[in-house]
file run03.csv (CSV, C-alpha atoms)
chain,number,residue,atom,x,y,z
A,5,MET,CA,127.9,133.4,102.9
A,6,ILE,CA,127.0,130.7,105.4
A,7,PRO,CA,128.2,127.3,104.3
A,8,LYS,CA,125.7,124.6,103.5
A,9,GLU,CA,126.5,122.4,106.5
A,10,LEU,CA,126.1,125.2,108.9
A,11,ALA,CA,122.8,126.3,107.3
A,12,ALA,CA,121.6,122.7,107.5
A,13,ALA,CA,122.6,122.3,111.1
A,14,SER,CA,120.9,125.5,112.1
A,15,SER,CA,117.7,124.9,110.2
A,16,ARG,CA,116.0,123.0,112.9
A,17,PRO,CA,116.6,125.4,115.8
A,18,LEU,CA,115.8,128.3,113.4
A,19,VAL,CA,112.4,126.8,112.3
A,20,LEU,CA,111.4,125.9,115.8
A,21,SER,CA,112.4,129.4,117.2
A,22,ILE,CA,110.4,131.2,114.5
A,23,LEU,CA,107.4,129.0,115.2
A,24,THR,CA,107.4,130.2,118.8
A,25,GLN,CA,106.3,133.5,117.5
A,26,GLY,CA,103.2,131.9,116.0
A,27,GLU,CA,101.9,129.7,113.3
A,28,SER,CA,103.5,130.1,109.9
A,29,TYR,CA,103.9,128.4,106.5
A,30,GLY,CA,106.9,127.4,104.4
A,31,TYR,CA,107.4,130.5,102.3
A,32,ALA,CA,106.9,132.9,105.2
A,33,LEU,CA,109.5,130.9,107.2
A,34,ILE,CA,112.1,131.3,104.5
A,35,GLU,CA,111.4,135.1,104.2
A,36,ARG,CA,111.6,135.5,108.0
A,37,VAL,CA,115.0,133.8,108.1
A,38,ARG,CA,116.3,135.9,105.3
A,39,GLU,CA,115.0,139.0,107.0
A,40,MET,CA,116.3,138.2,110.5
A,41,SER,CA,119.7,137.2,109.3
A,42,GLY,CA,120.0,140.3,107.2
A,43,GLY,CA,120.3,138.2,104.1
A,44,ARG,CA,123.3,136.2,105.4
A,45,ILE,CA,121.3,133.0,105.7
A,46,GLU,CA,119.8,132.1,102.4
A,47,TRP,CA,118.1,128.7,102.4
A,48,SER,CA,117.7,126.8,99.2
A,49,GLU,CA,114.0,126.7,99.4
A,50,GLY,CA,113.7,123.0,98.5
A,51,MET,CA,115.7,122.2,101.6
A,52,LEU,CA,113.1,123.6,104.0
A,53,TYR,CA,110.1,121.4,103.2
A,54,PRO,CA,111.8,118.0,103.9
A,55,VAL,CA,113.1,119.5,107.2
A,56,LEU,CA,109.5,120.6,108.0
A,57,HIS,CA,108.2,117.1,107.2
A,58,ARG,CA,110.9,115.5,109.3
A,59,LEU,CA,110.1,117.7,112.2
A,60,GLU,CA,106.4,116.8,111.8
A,61,ARG,CA,107.2,113.1,111.8
A,62,GLU,CA,109.2,113.5,115.0
A,63,GLU,CA,106.1,115.4,116.4
A,64,LEU,CA,108.0,118.5,117.2
A,65,ILE,CA,105.6,120.6,115.1
A,66,ARG,CA,102.1,120.1,114.0
A,67,SER,CA,100.5,121.2,110.7
A,68,ARG,CA,97.0,122.0,109.4
A,69,TRP,CA,95.7,123.1,106.1
A,70,LYS,CA,93.9,126.5,105.8
A,71,THR,CA,91.9,127.5,102.7
A,72,ALA,CA,92.5,131.0,101.5
A,73,GLU,CA,89.8,133.1,99.7
A,74,THR,CA,91.3,132.1,96.4
A,75,GLY,CA,90.3,128.5,97.2
A,76,ARG,CA,93.9,127.3,97.4
A,77,ARG,CA,95.0,125.6,100.5
A,78,ARG,CA,98.2,126.3,102.4
A,79,LYS,CA,99.9,124.2,105.1
A,80,TYR,CA,100.5,126.1,108.3
A,81,TYR,CA,102.8,124.8,111.0
A,82,ARG,CA,102.9,125.4,114.7
A,83,LEU,CA,105.1,124.2,117.6
A,84,SER,CA,104.1,121.3,119.7
A,85,SER,CA,104.9,120.7,123.4
A,86,ASN,CA,107.7,118.3,122.3
A,87,GLY,CA,109.0,120.9,120.0
A,88,LYS,CA,109.2,123.4,122.9
A,89,ARG,CA,111.2,121.0,124.9
A,90,SER,CA,113.4,120.2,121.9
A,91,LEU,CA,114.0,123.9,121.3
A,92,ALA,CA,115.1,124.3,124.9
A,93,ASP,CA,117.7,121.6,124.3
A,94,TYR,CA,118.9,123.2,121.1
A,95,ARG,CA,119.2,126.6,122.8
A,96,GLU,CA,121.4,125.0,125.5
A,97,GLN,CA,123.6,123.3,122.9
A,98,TRP,CA,124.0,126.3,120.7
A,99,PHE,CA,124.8,128.6,123.6
A,100,SER,CA,127.5,126.2,124.8
A,101,VAL,CA,129.1,126.3,121.4
A,102,HIS,CA,128.6,130.1,121.1
A,103,GLU,CA,130.1,130.7,124.6
A,104,THR,CA,133.2,128.5,123.9
A,105,LEU,CA,133.8,130.2,120.6
A,106,ALA,CA,133.2,133.7,122.0
A,107,SER,CA,135.7,133.1,124.8
A,108,LEU,CA,138.3,132.0,122.2
A,109,TRP,CA,137.7,134.8,119.8
A,110,GLY,CA,136.9,137.5,122.2
A,111,PRO,CA,134.1,140.1,121.7
A,112,GLU,CA,135.7,141.9,118.7
A,113,PRO,CA,135.5,140.4,115.1
A,114,CYS,CA,138.8,138.9,114.0
A,115,GLN,CA,141.3,141.4,112.5
A,116,SER,CA,143.0,139.4,109.8
B,24,MET,CA,91.6,134.7,89.6
B,25,SER,CA,95.1,134.2,90.9
B,26,GLU,CA,97.9,136.1,89.3
B,27,LEU,CA,99.2,132.9,87.7
B,28,GLU,CA,95.9,132.3,86.1
B,29,SER,CA,95.7,135.9,84.8
B,30,THR,CA,99.1,135.6,83.2
B,31,GLY,CA,98.2,132.3,81.6
B,32,LEU,CA,101.0,130.3,83.3
B,33,GLU,CA,98.7,127.7,84.9
B,34,ARG,CA,99.8,125.3,82.2
B,35,LEU,CA,103.5,125.8,83.2
B,36,VAL,CA,102.6,125.1,86.8
B,37,CYS,CA,100.8,121.9,85.8
B,38,ASN,CA,103.7,120.7,83.7
B,39,TRP,CA,106.1,121.5,86.5
B,40,ARG,CA,103.9,119.6,89.0
B,41,GLU,CA,103.7,116.7,86.6
B,42,HIS,CA,107.5,116.5,86.5
B,43,LEU,CA,107.6,116.4,90.2
B,44,CYS,CA,104.9,113.8,90.3
B,45,GLN,CA,106.8,111.5,88.0
B,46,THR,CA,109.7,111.3,90.4
B,47,ASP,CA,107.3,109.1,92.5
B,48,ALA,CA,108.8,110.3,95.7
B,49,ILE,CA,106.6,113.2,96.6
B,50,GLY,CA,103.0,112.7,97.8
B,51,ALA,CA,100.0,114.7,96.7
B,52,ASP,CA,99.9,116.9,99.9
B,53,ALA,CA,103.6,117.7,99.6
B,54,LEU,CA,103.0,118.6,95.9
B,55,ASP,CA,100.2,120.9,96.9
B,56,GLU,CA,102.5,122.6,99.4
B,57,LEU,CA,105.3,123.0,96.9
B,58,GLU,CA,102.9,124.4,94.3
B,59,GLN,CA,101.6,126.9,96.8
B,60,HIS,CA,105.2,127.9,97.5
B,61,VAL,CA,105.9,128.5,93.8
B,62,ARG,CA,102.7,130.6,93.5
B,63,ASP,CA,103.8,132.7,96.5
B,64,ALA,CA,107.3,133.2,95.2
B,65,PHE,CA,105.9,134.0,91.7
B,66,SER,CA,103.5,136.7,93.1
B,67,GLU,CA,106.4,138.3,95.1
B,68,LEU,CA,108.7,138.4,92.1
B,69,LEU,CA,106.0,139.8,89.9
B,70,SER,CA,105.5,142.6,92.5
B,71,LYS,CA,109.2,143.4,92.2
B,72,GLY,CA,108.7,144.1,88.5
B,73,LEU,CA,109.9,140.9,86.9
B,74,ARG,CA,108.2,139.6,83.7
B,75,ASP,CA,105.9,136.6,84.1
B,76,GLU,CA,108.1,133.9,82.6
B,77,GLU,CA,111.2,135.2,84.4
B,78,ALA,CA,109.4,135.2,87.7
B,79,PHE,CA,108.1,131.7,87.2
B,80,LEU,CA,111.6,130.4,86.1
B,81,ILE,CA,113.2,131.9,89.1
B,82,ALA,CA,110.5,130.7,91.5
B,83,THR,CA,110.9,127.1,90.4
B,84,ARG,CA,114.6,127.2,90.1
B,85,ARG,CA,115.0,128.5,93.7
B,86,LEU,CA,113.0,125.6,94.9
B,87,GLY,CA,115.4,123.2,93.3
B,88,LYS,CA,115.6,120.5,90.6
B,89,PRO,CA,112.8,117.9,90.7
B,90,SER,CA,115.4,115.2,91.1
B,91,GLU,CA,117.0,116.9,94.1
B,92,LEU,CA,113.7,117.6,95.7
B,93,ALA,CA,112.7,113.9,95.2
B,94,GLU,CA,116.0,112.8,96.8
B,95,GLU,CA,115.4,115.0,99.9
B,96,TYR,CA,111.8,113.8,100.2
B,97,GLN,CA,112.9,110.2,99.8
B,98,LYS,CA,115.3,110.6,102.8
B,99,VAL,CA,112.4,111.7,104.9
B,100,SER,CA,109.9,109.1,103.8
B,101,GLY,CA,112.2,106.3,104.7
B,102,SER,CA,111.2,103.6,102.2
B,103,PRO,CA,112.6,104.0,98.7
B,104,ALA,CA,110.3,104.3,95.8
B,105,TRP,CA,111.2,100.9,94.4
B,106,THR,CA,109.8,99.0,97.3
B,107,ARG,CA,106.5,100.7,96.8
B,108,ARG,CA,106.6,99.9,93.1
B,109,VAL,CA,107.3,96.3,93.8
B,110,CYS,CA,104.4,96.1,96.2
B,111,TRP,CA,102.1,97.6,93.6
B,112,MET,CA,103.4,95.2,90.9
B,113,LEU,CA,102.8,92.3,93.2
B,114,ALA,CA,99.2,93.6,93.8
B,115,GLY,CA,98.8,93.9,90.0
B,116,CYS,CA,100.0,90.3,89.5
B,117,LEU,CA,97.6,89.0,92.1
B,118,LEU,CA,94.7,90.9,90.6
B,119,PHE,CA,95.6,89.4,87.3
B,120,VAL,CA,95.5,85.9,88.8
B,121,LEU,CA,92.1,86.6,90.3
B,122,LEU,CA,90.8,88.0,87.0
B,123,SER,CA,91.9,84.9,85.1
B,124,GLN,CA,90.3,82.7,87.8
B,125,ALA,CA,87.0,84.7,87.3
B,126,ILE,CA,87.2,84.2,83.6
B,127,GLU,CA,88.0,80.5,84.0
B,128,THR,CA,84.9,80.2,86.2
B,129,VAL,CA,82.7,81.7,83.6
B,130,SER,CA,84.0,79.5,80.9
B,131,TRP,CA,83.8,76.4,83.2
B,132,VAL,CA,80.1,77.2,83.8
B,133,GLY,CA,79.6,77.4,80.0
B,134,GLN,CA,81.5,74.2,79.6
B,135,CYS,CA,79.4,72.4,82.2
B,136,LEU,CA,76.1,73.6,80.6
B,137,ALA,CA,77.4,72.5,77.2
B,138,MET,CA,78.3,69.0,78.7
B,139,ILE,CA,74.8,68.8,80.2
B,140,CYS,CA,73.0,69.8,77.1
B,141,THR,CA,74.9,67.8,74.6
B,142,GLU,CA,77.0,64.7,74.3
B,143,TYR,CA,79.2,66.2,71.6
B,144,ARG,CA,82.3,66.7,73.8
B,145,TYR,CA,84.1,68.9,71.3
B,146,LEU,CA,81.3,71.4,71.6
B,147,ALA,CA,81.9,71.7,75.4
B,148,ALA,CA,85.6,72.3,74.8
B,149,SER,CA,84.9,74.9,72.0
B,150,VAL,CA,82.4,76.7,74.2
B,151,SER,CA,85.0,77.0,77.0
B,152,ILE,CA,87.7,78.3,74.6
B,153,ALA,CA,85.3,80.7,73.0
B,154,ILE,CA,84.1,82.2,76.3
B,155,THR,CA,87.6,82.6,77.6
B,156,ALA,CA,88.7,84.3,74.4
B,157,VAL,CA,85.8,86.7,74.5
B,158,CYS,CA,86.3,87.6,78.1
B,159,TRP,CA,90.0,88.3,77.7
B,160,ALA,CA,89.3,90.3,74.5
B,161,ALA,CA,86.7,92.4,76.5
B,162,VAL,CA,89.3,93.0,79.3
B,163,VAL,CA,92.0,94.0,76.9
B,164,PHE,CA,89.6,96.3,74.9
B,165,LEU,CA,88.4,98.0,78.1
B,166,LEU,CA,92.0,98.5,79.2
B,167,CYS,CA,93.1,100.0,75.9
B,168,ARG,CA,90.1,102.3,75.9
B,169,HIS,CA,91.0,103.5,79.4
B,170,GLU,CA,94.6,104.0,78.4
B,171,ARG,CA,93.6,105.9,75.2
B,172,VAL,CA,91.3,108.2,77.3
B,173,GLN,CA,94.2,108.8,79.7
B,174,ARG,CA,96.6,109.6,76.9
B,175,VAL,CA,94.4,112.1,75.0
B,176,GLY,CA,96.4,115.3,74.6
B,177,HIS,CA,99.8,113.5,74.5
B,178,GLY,CA,99.1,112.0,71.1
B,179,GLY,CA,99.8,108.4,70.1
B,180,ASP,CA,103.5,107.8,70.0
B,181,PRO,CA,104.4,105.5,67.2
B,182,ILE,CA,107.5,104.3,69.0
B,183,GLN,CA,105.5,103.5,72.1
B,184,ARG,CA,103.0,101.5,69.9
B,185,PHE,CA,105.8,99.6,68.3
B,186,ARG,CA,107.4,98.8,71.6
B,187,GLY,CA,103.9,97.7,72.8
B,188,SER,CA,103.4,95.2,70.1
B,189,THR,CA,106.9,93.8,70.4
B,190,MET,CA,106.3,93.3,74.1
B,191,ALA,CA,103.0,91.7,73.5
B,192,LEU,CA,104.7,89.2,71.1
B,193,LEU,CA,107.5,88.5,73.5
B,194,CYS,CA,104.9,87.8,76.3
B,195,LEU,CA,102.8,85.6,74.0
B,196,THR,CA,105.7,83.3,73.0
B,197,PRO,CA,106.5,81.9,76.5
B,198,LEU,CA,102.7,81.6,77.1
B,199,LEU,CA,102.4,79.4,74.0
B,200,VAL,CA,105.4,77.4,75.2
B,201,VAL,CA,103.7,76.9,78.6
B,202,LEU,CA,100.5,75.9,76.9
B,203,ALA,CA,102.3,73.3,74.8
B,204,ILE,CA,104.0,71.9,77.8
B,205,ARG,CA,100.7,71.8,79.8
B,206,LEU,CA,99.0,70.0,76.9
B,207,PHE,CA,101.8,67.5,76.6
B,208,ALA,CA,101.8,66.8,80.4
B,209,THR,CA,98.0,66.3,80.4
B,210,VAL,CA,98.0,64.0,77.4
B,211,THR,CA,100.9,62.0,78.8
B,212,ALA,CA,99.3,61.6,82.1
B,213,ALA,CA,96.0,60.6,80.5
B,214,ARG,CA,97.8,57.9,78.5
B,215,LEU,CA,99.9,56.5,81.3
B,216,VAL,CA,97.4,56.5,84.1
B,217,PRO,CA,94.4,54.1,84.0
B,218,ALA,CA,91.2,55.9,82.9
B,219,GLU,CA,89.2,55.6,86.2
B,220,THR,CA,92.2,56.7,88.3
B,221,PHE,CA,92.8,59.6,86.0
B,222,GLY,CA,89.2,60.6,86.1
B,223,GLU,CA,89.0,60.5,89.9
B,224,SER,CA,92.4,62.1,90.4
B,225,ALA,CA,91.5,64.8,87.9
B,226,LEU,CA,88.4,65.7,90.0
B,227,VAL,CA,90.4,66.0,93.2
B,228,LEU,CA,93.2,67.8,91.5
B,229,ALA,CA,90.7,70.3,90.0
B,230,TYR,CA,89.3,71.0,93.5
B,231,SER,CA,92.8,71.6,95.0
B,232,ASN,CA,93.9,73.6,92.0
B,233,GLU,CA,90.9,75.9,92.2
B,234,LEU,CA,91.3,76.3,95.9
B,235,SER,CA,95.0,77.3,95.7
B,236,ALA,CA,94.5,79.4,92.6
B,237,LEU,CA,91.7,81.4,94.1
B,238,VAL,CA,92.2,81.4,97.9
B,239,ILE,CA,96.0,82.0,98.0
B,240,PRO,CA,96.2,85.0,95.8
B,241,THR,CA,93.1,86.5,97.5
B,242,ALA,CA,94.7,86.0,100.9
B,243,LEU,CA,98.0,87.5,99.7
B,244,LEU,CA,96.2,90.5,98.2
B,245,ALA,CA,94.3,91.1,101.4
B,246,LEU,CA,97.4,90.8,103.4
B,247,LEU,CA,99.2,93.3,101.2
B,248,LEU,CA,96.4,95.8,101.5
B,249,ILE,CA,96.2,95.4,105.3
B,250,LEU,CA,99.9,95.7,105.7
B,251,ARG,CA,100.1,98.7,103.5
B,252,LYS,CA,98.2,100.8,106.1
B,253,ARG,CA,99.7,99.1,109.1
B,254,LEU,CA,103.4,99.2,108.3
B,255,PRO,CA,105.1,101.0,111.1
B,256,LYS,CA,106.7,104.2,110.0
B,257,PRO,CA,110.5,103.9,109.9
B,258,ILE,CA,112.3,105.7,112.7
B,259,PRO,CA,113.5,109.0,111.2
B,260,SER,CA,117.3,109.4,111.1
B,261,ALA,CA,118.8,112.3,113.0
B,262,ALA,CA,118.7,115.4,110.8

call {"tool": "encode", "arguments": {"input": "run03.csv", "output": "structure tokens"}}
result
Amino acid sequence: MIPKELAAASSRPLVLSILTQGESYGYALIERVREMSGGRIEWSEGMLYPVLHRLEREELIRSRWKTAETGRRRKYYRLSSNGKRSLADYREQWFSVHETLASLWGPEPCQS
Amino acid sequence: MSELESTGLERLVCNWREHLCQTDAIGADALDELEQHVRDAFSELLSKGLRDEEAFLIATRRLGKPSELAEEYQKVSGSPAWTRRVCWMLAGCLLFVLLSQAIETVSWVGQCLAMICTEYRYLAASVSIAITAVCWAAVVFLLCRHERVQRVGHGGDPIQRFRGSTMALLCLTPLLVVLAIRLFATVTAARLVPAETFGESALVLAYSNELSALVIPTALLALLLILRKRLPKPIPSAA
């Protein structure tokens, strides 16, 4: 199980990366993360929305409300151009960390 | 009809939303978003074969406790809830001042008319007091009626009512003390200062008092309302 701090740190790059694949909304984002991580990354759902709001405040993502046939409205998020640049930075940072660790640990999982 | 409506759990959703609303940290749009999330989660859990109440409980629990959610939203919004409350309280105080000025004006007009129509000076004073009392009674009555309409469905809580009357009494006491002091000050000034000087000063003082009592609160209220929209958003801290 991924510890909380790691889940929090990876939340922003994860959200931005998923949004490159198209517009999405909160619940779908959580499901997508769960699906792509094979269940290893489980976000506490309440954590996601403040992250989304913070990203929107920093203008990395944009939102709009769409009304479904039921009459209920749902907030959809999409990546902004600032977000794309920010994602490129995150990618670089995470790959640096990943490459350093991979060179220390080697390609095989640790045999303990 | 949504699945929630069909299972009669709309009331639960409303109560849950009410709890979140009371934390005073989550805006209406954010509440809509969280509510939609709960509905989505509920539908999914239902489709997995859970019972209605179970599905709702799990859906809301996975989202997190209202206090935790409020804390997280607070961190994003930047300004703590208490500053917003203080601003609203200040606006309320200023509105009260304006209201009392309006009522004073009405009673002053009545007083002037009474002074013009009759030489019996106690009548003018009585008219002024009567008009003020009637106006305030009307305001209080309207407020109570509004409050009662709002609280229909929650029932009158006897403890709340008791607290309310105690508070009213506690507020009335300093008011009476202030009234007594004011009366004493006026009478003392009237006795010590020569009549003509008192009369002229009273007129000038009345002008300045009315100006300050009306203009300054109005200006402050206007400033507060303007700044409320124009306050720059605080720079978000690094996530």

call {"tool": "closest_residue", "arguments": {"input": "run03.csv", "among": "B:Arg168, B:Arg85, B:Arg144, B:Arg214", "to": "chain A", "atoms": "only C-alpha atoms"}}
result
B:Arg85

call {"tool": "closest_atom_pairs", "arguments": {"input": "run03.csv", "of": "chain B", "to": "chain A", "cutoff": "9 Å", "atoms": "only C-alpha atoms", "output": "tab-separated table"}}
result
residue	atom	partner	partner_atom	distance
B:Met24	CA	A:Thr74	CA	7.3
B:Ser25	CA	A:Thr74	CA	7.0
B:Asp52	CA	A:Lys79	CA	9.0
B:Ala53	CA	A:Tyr53	CA	8.3
B:Asp55	CA	A:Arg77	CA	7.9
B:Glu56	CA	A:Arg78	CA	6.4
B:Leu57	CA	A:Tyr53	CA	8.1
B:Gln59	CA	A:Arg78	CA	6.6
B:His60	CA	A:Tyr31	CA	5.9
B:Val61	CA	A:Tyr31	CA	8.9
B:Asp63	CA	A:Tyr31	CA	7.2
B:Ala64	CA	A:Tyr31	CA	7.6
B:Arg85	CA	A:Glu49	CA	6.1
B:Leu86	CA	A:Gly50	CA	4.5
B:Gly87	CA	A:Gly50	CA	5.5
B:Lys88	CA	A:Gly50	CA	8.5
B:Glu91	CA	A:Gly50	CA	8.2
B:Leu92	CA	A:Gly50	CA	6.1
B:Glu95	CA	A:Pro54	CA	6.2
B:Tyr96	CA	A:Pro54	CA	5.6
B:Gln97	CA	A:Pro54	CA	8.9
B:Lys98	CA	A:Pro54	CA	8.3
B:Val99	CA	A:Arg58	CA	6.0
B:Ser100	CA	A:Arg58	CA	8.5
B:Ile258	CA	A:Glu62	CA	8.7
B:Pro259	CA	A:Arg58	CA	7.3
B:Ala262	CA	A:Val55	CA	7.8

call {"tool": "write_last_selection", "arguments": {"input": "run03.csv", "atoms": "C-alpha atoms", "output": "tab-separated table (two decimals), in the frame of the given file"}}
result
chain	number	residue	atom	x	y	z
B	24	MET	CA	91.60	134.70	89.60
B	25	SER	CA	95.10	134.20	90.90
B	52	ASP	CA	99.90	116.90	99.90
B	53	ALA	CA	103.60	117.70	99.60
B	55	ASP	CA	100.20	120.90	96.90
B	56	GLU	CA	102.50	122.60	99.40
B	57	LEU	CA	105.30	123.00	96.90
B	59	GLN	CA	101.60	126.90	96.80
B	60	HIS	CA	105.20	127.90	97.50
B	61	VAL	CA	105.90	128.50	93.80
B	63	ASP	CA	103.80	132.70	96.50
B	64	ALA	CA	107.30	133.20	95.20
B	85	ARG	CA	115.00	128.50	93.70
B	86	LEU	CA	113.00	125.60	94.90
B	87	GLY	CA	115.40	123.20	93.30
B	88	LYS	CA	115.60	120.50	90.60
B	91	GLU	CA	117.00	116.90	94.10
B	92	LEU	CA	113.70	117.60	95.70
B	95	GLU	CA	115.40	115.00	99.90
B	96	TYR	CA	111.80	113.80	100.20
B	97	GLN	CA	112.90	110.20	99.80
B	98	LYS	CA	115.30	110.60	102.80
B	99	VAL	CA	112.40	111.70	104.90
B	100	SER	CA	109.90	109.10	103.80
B	258	ILE	CA	112.30	105.70	112.70
B	259	PRO	CA	113.50	109.00	111.20
B	262	ALA	CA	118.70	115.40	110.80

call {"tool": "atom_distance", "arguments": {"input": "run03.csv", "atom1": "CA of Glu27 (chain A)", "atom2": "CA of Ala92 (chain A)"}}
result
18.4 Å

call {"tool": "residues_around", "arguments": {"input": "run03.csv", "residues": "Val37 (chain A)", "least_positions_apart": "2", "cutoff": "10 Å", "atoms": "only C-alpha atoms", "output": "MDAnalysis selection string"}}
result
chainID A and resid 15 18:19 22 32:35 39:47

call {"tool": "write_last_selection", "arguments": {"input": "run03.csv", "atoms": "C-alpha atoms", "output": "PDB file, keeping the file's coordinate frame"}}
result
ATOM      1  CA  SER A  15     117.700 124.900 110.200  1.00  0.00           C
ATOM      2  CA  LEU A  18     115.800 128.300 113.400  1.00  0.00           C
ATOM      3  CA  VAL A  19     112.400 126.800 112.300  1.00  0.00           C
ATOM      4  CA  ILE A  22     110.400 131.200 114.500  1.00  0.00           C
ATOM      5  CA  ALA A  32     106.900 132.900 105.200  1.00  0.00           C
ATOM      6  CA  LEU A  33     109.500 130.900 107.200  1.00  0.00           C
ATOM      7  CA  ILE A  34     112.100 131.300 104.500  1.00  0.00           C
ATOM      8  CA  GLU A  35     111.400 135.100 104.200  1.00  0.00           C
ATOM      9  CA  GLU A  39     115.000 139.000 107.000  1.00  0.00           C
ATOM     10  CA  MET A  40     116.300 138.200 110.500  1.00  0.00           C
ATOM     11  CA  SER A  41     119.700 137.200 109.300  1.00  0.00           C
ATOM     12  CA  GLY A  42     120.000 140.300 107.200  1.00  0.00           C
ATOM     13  CA  GLY A  43     120.300 138.200 104.100  1.00  0.00           C
ATOM     14  CA  ARG A  44     123.300 136.200 105.400  1.00  0.00           C
ATOM     15  CA  ILE A  45     121.300 133.000 105.700  1.00  0.00           C
ATOM     16  CA  GLU A  46     119.800 132.100 102.400  1.00  0.00           C
ATOM     17  CA  TRP A  47     118.100 128.700 102.400  1.00  0.00           C
TER      18      TRP A  47
END

call {"tool": "residues_around", "arguments": {"input": "run03.csv", "residues": "Arg40 (chain B)", "least_positions_apart": "2", "cutoff": "9 Å", "atoms": "only C-alpha atoms", "output": "mmCIF file with C-alpha atoms, in the frame of the given file"}}
result
data_model
loop_
_atom_site.group_PDB
_atom_site.id
_atom_site.type_symbol
_atom_site.label_atom_id
_atom_site.label_comp_id
_atom_site.auth_asym_id
_atom_site.auth_seq_id
_atom_site.Cartn_x
_atom_site.Cartn_y
_atom_site.Cartn_z
ATOM 1 C CA LEU B 35 103.500 125.800 83.200
ATOM 2 C CA VAL B 36 102.600 125.100 86.800
ATOM 3 C CA CYS B 37 100.800 121.900 85.800
ATOM 4 C CA ASN B 38 103.700 120.700 83.700
ATOM 5 C CA HIS B 42 107.500 116.500 86.500
ATOM 6 C CA LEU B 43 107.600 116.400 90.200
ATOM 7 C CA CYS B 44 104.900 113.800 90.300
ATOM 8 C CA GLN B 45 106.800 111.500 88.000
ATOM 9 C CA LEU B 54 103.000 118.600 95.900
ATOM 10 C CA ASP B 55 100.200 120.900 96.900
ATOM 11 C CA LEU B 57 105.300 123.000 96.900
ATOM 12 C CA GLU B 58 102.900 124.400 94.300
#

call {"tool": "atom_distance", "arguments": {"input": "run03.csv", "atom1": "CA of Ser21 (chain A)", "atom2": "CA of Leu91 (chain A)"}}
result
7.0 Å

call {"tool": "atom_distance", "arguments": {"input": "run03.csv", "atom1": "CA of Ile239 (chain B)", "atom2": "CA of Val157 (chain B)"}}
result
26.0 Å

call {"tool": "closest_residue", "arguments": {"input": "run03.csv", "among": "A:Ser14, A:Ser100, A:Ser67, A:Ser107", "to": "Ser84 (chain A)", "atoms": "all atoms listed in the file"}}
result
A:Ser67

call {"tool": "residues_around", "arguments": {"input": "run03.csv", "residues": "region 226-237 of chain B", "least_positions_apart": "6", "cutoff": "10 Å", "atoms": "all atoms listed in the file", "output": "mmCIF file with C-alpha atoms, in the frame of the given file"}}
result
data_model
loop_
_atom_site.group_PDB
_atom_site.id
_atom_site.type_symbol
_atom_site.label_atom_id
_atom_site.label_comp_id
_atom_site.auth_asym_id
_atom_site.auth_seq_id
_atom_site.Cartn_x
_atom_site.Cartn_y
_atom_site.Cartn_z
ATOM 1 C CA LEU B 117 97.600 89.000 92.100
ATOM 2 C CA VAL B 120 95.500 85.900 88.800
ATOM 3 C CA LEU B 121 92.100 86.600 90.300
ATOM 4 C CA LEU B 122 90.800 88.000 87.000
ATOM 5 C CA SER B 123 91.900 84.900 85.100
ATOM 6 C CA GLN B 124 90.300 82.700 87.800
ATOM 7 C CA ALA B 125 87.000 84.700 87.300
ATOM 8 C CA GLU B 127 88.000 80.500 84.000
ATOM 9 C CA THR B 128 84.900 80.200 86.200
ATOM 10 C CA THR B 220 92.200 56.700 88.300
#
